[in-house]
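*Asks:* My structure is below; once you've seen it, I'll send some questions.
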Amino acid sequence: MSETTTTIPLLTLSDKATKKIQEFFATEADAKGKSLRVSLEPGGCSGYQYSFGFDVKKEGDNEIACDGFSVLVDANSSQYLKGSAIDFAEDAGGAGFKIHNPNVKKSCGCGQSNSF
């Protein structure tokens, strides 16, 4: 009997998130020739905050091909982001990217930082 293994993707993007990111690449001058970097940085009251920015690929980065762009995740952030889903939401409270991360152990009250 053969054993099957399930590979958990590093990151997935919803259709709304993909469309919003495509808009950024089409309108932001500093995005030209770059990829979207998603990372975790120390900060906030729970330990780590998500960071988004335009960047070039560096040694050790994981690269995820998307529809017309790529997403970069450094090796350190990858261990905490594995299996995460990125969405974009607009509501009465504002608009922004939401990360649904199964690795979060605790979030702060304002929802801006997490511990792993």
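Every chain in the structure tokens has a letter given in the order shown (A, B, ...), and although residue numbers restart at 1 in each chain, ligands are simply numbered from 1 in the order shown.
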Can you pull out every residue from chain A that DSSP, working from the backbone, puts in strand (DSSP E), and format the result as a PyMOL selection string?
*Replies:* chain A and resi 11-13+35-43+47-55+62-65+70-73+84-91+94-100+106-107+114-115
*Asks:* Using only C-alpha atoms, which residues sit within 12 Å of stretch 47-63 of chain A once same-chain residues fewer than 2 positions away are excluded, as a short mmCIF file (atom, residue, chain, number, x, y, z; two decimals) with N, CA and C atoms, in the first residue's frame?
*Replies:*
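Produced file selection.cif, reproduced below:
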```cif
data_model
loop_
_atom_site.label_atom_id
_atom_site.label_comp_id
_atom_site.auth_asym_id
_atom_site.auth_seq_id
_atom_site.Cartn_x
_atom_site.Cartn_y
_atom_site.Cartn_z
N PRO A 9 0.73 24.30 1.16
CA PRO A 9 1.37 25.43 0.48
C PRO A 9 1.86 26.47 1.48
N LEU A 10 2.92 27.15 1.11
CA LEU A 10 3.45 28.19 1.98
C LEU A 10 2.42 29.29 2.17
N LEU A 11 1.91 29.83 1.07
CA LEU A 11 0.90 30.90 1.11
C LEU A 11 -0.09 30.69 -0.02
N ILE A 21 -3.41 43.21 -5.37
CA ILE A 21 -1.96 43.22 -5.58
C ILE A 21 -1.65 43.57 -7.04
N PHE A 24 -1.77 47.23 -7.40
CA PHE A 24 -0.56 47.88 -6.89
C PHE A 24 0.57 47.81 -7.91
N PHE A 25 0.75 46.63 -8.52
CA PHE A 25 1.82 46.49 -9.51
C PHE A 25 1.57 47.36 -10.73
N GLU A 28 1.88 51.46 -8.91
CA GLU A 28 2.98 51.91 -8.05
C GLU A 28 4.30 51.89 -8.81
N ALA A 29 4.93 53.04 -8.96
CA ALA A 29 6.19 53.14 -9.69
C ALA A 29 7.30 52.31 -9.04
N ASP A 30 7.34 52.24 -7.70
CA ASP A 30 8.41 51.49 -7.03
C ASP A 30 8.22 49.97 -7.10
N ALA A 31 7.14 49.50 -7.72
CA ALA A 31 6.90 48.07 -7.87
C ALA A 31 7.50 47.51 -9.15
N LYS A 32 7.84 48.39 -10.07
CA LYS A 32 8.33 47.96 -11.39
C LYS A 32 9.57 47.07 -11.26
N GLY A 33 9.47 45.88 -11.85
CA GLY A 33 10.59 44.95 -11.85
C GLY A 33 10.81 44.22 -10.54
N LYS A 34 9.89 44.34 -9.61
CA LYS A 34 10.05 43.72 -8.29
C LYS A 34 8.94 42.70 -8.03
N SER A 35 9.03 42.07 -6.89
CA SER A 35 8.03 41.13 -6.40
C SER A 35 7.43 41.67 -5.11
N LEU A 36 6.36 41.07 -4.67
CA LEU A 36 5.77 41.43 -3.39
C LEU A 36 6.43 40.58 -2.31
N ARG A 37 6.99 41.23 -1.30
CA ARG A 37 7.59 40.50 -0.18
C ARG A 37 6.61 40.51 0.99
N VAL A 38 6.34 39.32 1.52
CA VAL A 38 5.51 39.16 2.71
C VAL A 38 6.44 38.59 3.78
N SER A 39 6.49 39.25 4.93
CA SER A 39 7.40 38.79 5.98
C SER A 39 6.84 39.09 7.36
N LEU A 40 7.53 38.57 8.34
CA LEU A 40 7.23 38.85 9.74
C LEU A 40 8.40 39.64 10.30
N GLU A 41 8.07 40.70 11.03
CA GLU A 41 9.10 41.52 11.65
C GLU A 41 8.80 41.64 13.14
N PRO A 42 9.84 41.67 13.97
CA PRO A 42 9.60 41.85 15.40
C PRO A 42 8.87 43.17 15.65
N GLY A 43 7.87 43.13 16.53
CA GLY A 43 7.15 44.34 16.86
C GLY A 43 5.78 44.06 17.41
N GLY A 44 5.14 45.09 17.88
CA GLY A 44 3.80 44.95 18.44
C GLY A 44 3.85 44.35 19.83
N CYS A 45 2.69 44.27 20.44
CA CYS A 45 2.63 43.80 21.82
C CYS A 45 2.66 42.27 21.94
N ALA A 65 4.85 31.87 -7.51
CA ALA A 65 4.34 32.48 -8.74
C ALA A 65 2.83 32.67 -8.61
N CYS A 66 2.39 33.88 -8.93
CA CYS A 66 0.97 34.20 -8.90
C CYS A 66 0.56 34.68 -10.29
N PHE A 69 2.53 38.22 -11.14
CA PHE A 69 3.52 38.70 -10.18
C PHE A 69 4.00 37.53 -9.34
N SER A 70 5.02 37.77 -8.53
CA SER A 70 5.46 36.71 -7.61
C SER A 70 5.51 37.27 -6.20
N VAL A 71 5.42 36.35 -5.25
CA VAL A 71 5.48 36.69 -3.82
C VAL A 71 6.75 36.07 -3.26
N LEU A 72 7.50 36.86 -2.51
CA LEU A 72 8.73 36.39 -1.87
C LEU A 72 8.52 36.27 -0.37
N VAL A 73 9.07 35.20 0.21
CA VAL A 73 9.02 35.00 1.65
C VAL A 73 10.40 34.51 2.08
N ASP A 74 11.03 35.22 3.02
CA ASP A 74 12.34 34.80 3.49
C ASP A 74 12.22 33.51 4.30
N ALA A 75 13.34 32.82 4.45
CA ALA A 75 13.34 31.51 5.12
C ALA A 75 12.83 31.59 6.55
N ASN A 76 13.21 32.62 7.30
CA ASN A 76 12.76 32.74 8.69
C ASN A 76 11.25 32.93 8.77
N SER A 77 10.70 33.80 7.94
CA SER A 77 9.25 34.04 7.96
C SER A 77 8.48 32.82 7.47
N SER A 78 9.08 32.07 6.55
CA SER A 78 8.39 30.90 5.97
C SER A 78 7.93 29.91 7.03
N GLN A 79 8.75 29.69 8.04
CA GLN A 79 8.39 28.71 9.07
C GLN A 79 7.14 29.12 9.84
N TYR A 80 6.87 30.42 9.92
CA TYR A 80 5.70 30.91 10.65
C TYR A 80 4.50 31.18 9.74
N LEU A 81 4.74 31.30 8.45
CA LEU A 81 3.66 31.62 7.51
C LEU A 81 3.10 30.39 6.79
N LYS A 82 3.73 29.25 6.93
CA LYS A 82 3.31 28.05 6.19
C LYS A 82 1.84 27.75 6.42
N SER A 84 -0.63 29.71 5.44
CA SER A 84 -1.42 30.94 5.60
C SER A 84 -2.17 31.29 4.31
N ILE A 86 -3.96 34.66 2.41
CA ILE A 86 -4.06 36.12 2.41
C ILE A 86 -5.32 36.52 1.66
N GLY A 96 -8.02 46.44 3.89
CA GLY A 96 -6.67 45.96 4.09
C GLY A 96 -6.55 44.47 3.90
N PHE A 97 -5.32 44.01 3.91
CA PHE A 97 -5.04 42.59 3.78
C PHE A 97 -5.25 41.91 5.11
N LYS A 98 -5.83 40.74 5.07
CA LYS A 98 -6.05 39.91 6.26
C LYS A 98 -5.31 38.60 6.03
N ILE A 99 -4.52 38.21 7.01
CA ILE A 99 -3.81 36.94 6.92
C ILE A 99 -4.41 35.96 7.90
N HIS A 100 -4.86 34.84 7.35
CA HIS A 100 -5.40 33.76 8.17
C HIS A 100 -4.26 32.75 8.33
N ASN A 101 -3.64 32.78 9.51
CA ASN A 101 -2.43 32.01 9.75
C ASN A 101 -2.69 30.93 10.81
N VAL A 104 -0.51 30.86 14.37
CA VAL A 104 -0.58 31.87 15.43
C VAL A 104 -1.03 31.21 16.74
N LYS A 105 -0.27 31.46 17.79
CA LYS A 105 -0.62 30.94 19.11
C LYS A 105 -1.44 31.97 19.89
N LYS A 106 -1.13 33.27 19.67
CA LYS A 106 -1.79 34.33 20.41
C LYS A 106 -1.70 35.62 19.61
N SER A 107 -2.78 36.41 19.62
CA SER A 107 -2.78 37.72 18.99
C SER A 107 -3.06 38.78 20.04
N CYS A 108 -2.59 39.99 19.77
CA CYS A 108 -2.87 41.07 20.71
C CYS A 108 -4.32 41.53 20.54
N CYS A 110 -5.59 44.35 19.63
CA CYS A 110 -5.89 45.15 18.44
C CYS A 110 -5.74 44.33 17.16
N GLY A 111 -5.22 43.12 17.24
CA GLY A 111 -5.10 42.25 16.10
C GLY A 111 -3.95 42.59 15.15
N GLN A 112 -3.04 43.46 15.57
CA GLN A 112 -1.94 43.89 14.71
C GLN A 112 -0.66 43.08 14.89
N SER A 113 -0.55 42.29 15.96
CA SER A 113 0.66 41.49 16.13
C SER A 113 0.30 40.13 16.70
N ASN A 114 1.23 39.18 16.50
CA ASN A 114 0.98 37.78 16.88
C ASN A 114 2.21 37.17 17.52
N SER A 115 1.98 36.09 18.26
CA SER A 115 3.10 35.28 18.74
C SER A 115 2.91 33.88 18.17
N PHE A 116 4.05 33.19 18.01
CA PHE A 116 4.05 31.86 17.37
C PHE A 116 4.65 30.83 18.27
#
```
*Asks:* Could you pull out the alpha helix (DSSP H) residues of stretch 3-115 of chain A from DSSP and send them as a ChimeraX atom specification?
*Replies:* /A:15-27,75-81
*Asks:* Output C-alpha atoms for every residue in that selection, as a compact mmCIF listing (two decimals), in the first residue's frame.
*Replies:*
```
# COMPACT_ATOMS: atom_id res chain seq x y z
CA ASP A 15 -9.05 36.27 -5.74
CA LYS A 16 -9.66 39.63 -4.00
CA ALA A 17 -6.09 39.74 -2.68
CA THR A 18 -4.68 38.81 -6.10
CA LYS A 19 -6.68 41.55 -7.84
CA LYS A 20 -5.63 44.18 -5.27
CA ILE A 21 -1.96 43.22 -5.58
CA GLN A 22 -2.23 43.37 -9.39
CA GLU A 23 -3.60 46.93 -8.98
CA PHE A 24 -0.56 47.88 -6.89
CA PHE A 25 1.82 46.49 -9.51
CA ALA A 26 -0.02 48.43 -12.24
CA THR A 27 -0.03 51.77 -10.40
CA ALA A 75 13.34 31.51 5.12
CA ASN A 76 12.76 32.74 8.69
CA SER A 77 9.25 34.04 7.96
CA SER A 78 8.39 30.90 5.97
CA GLN A 79 8.39 28.71 9.07
CA TYR A 80 5.70 30.91 10.65
CA LEU A 81 3.66 31.62 7.51
```
*Asks:* In Å, with one decimal, what is the gap from atom CA of A:Ile8 to atom CA of A:Pro102?
*Replies:* 11.3 Å
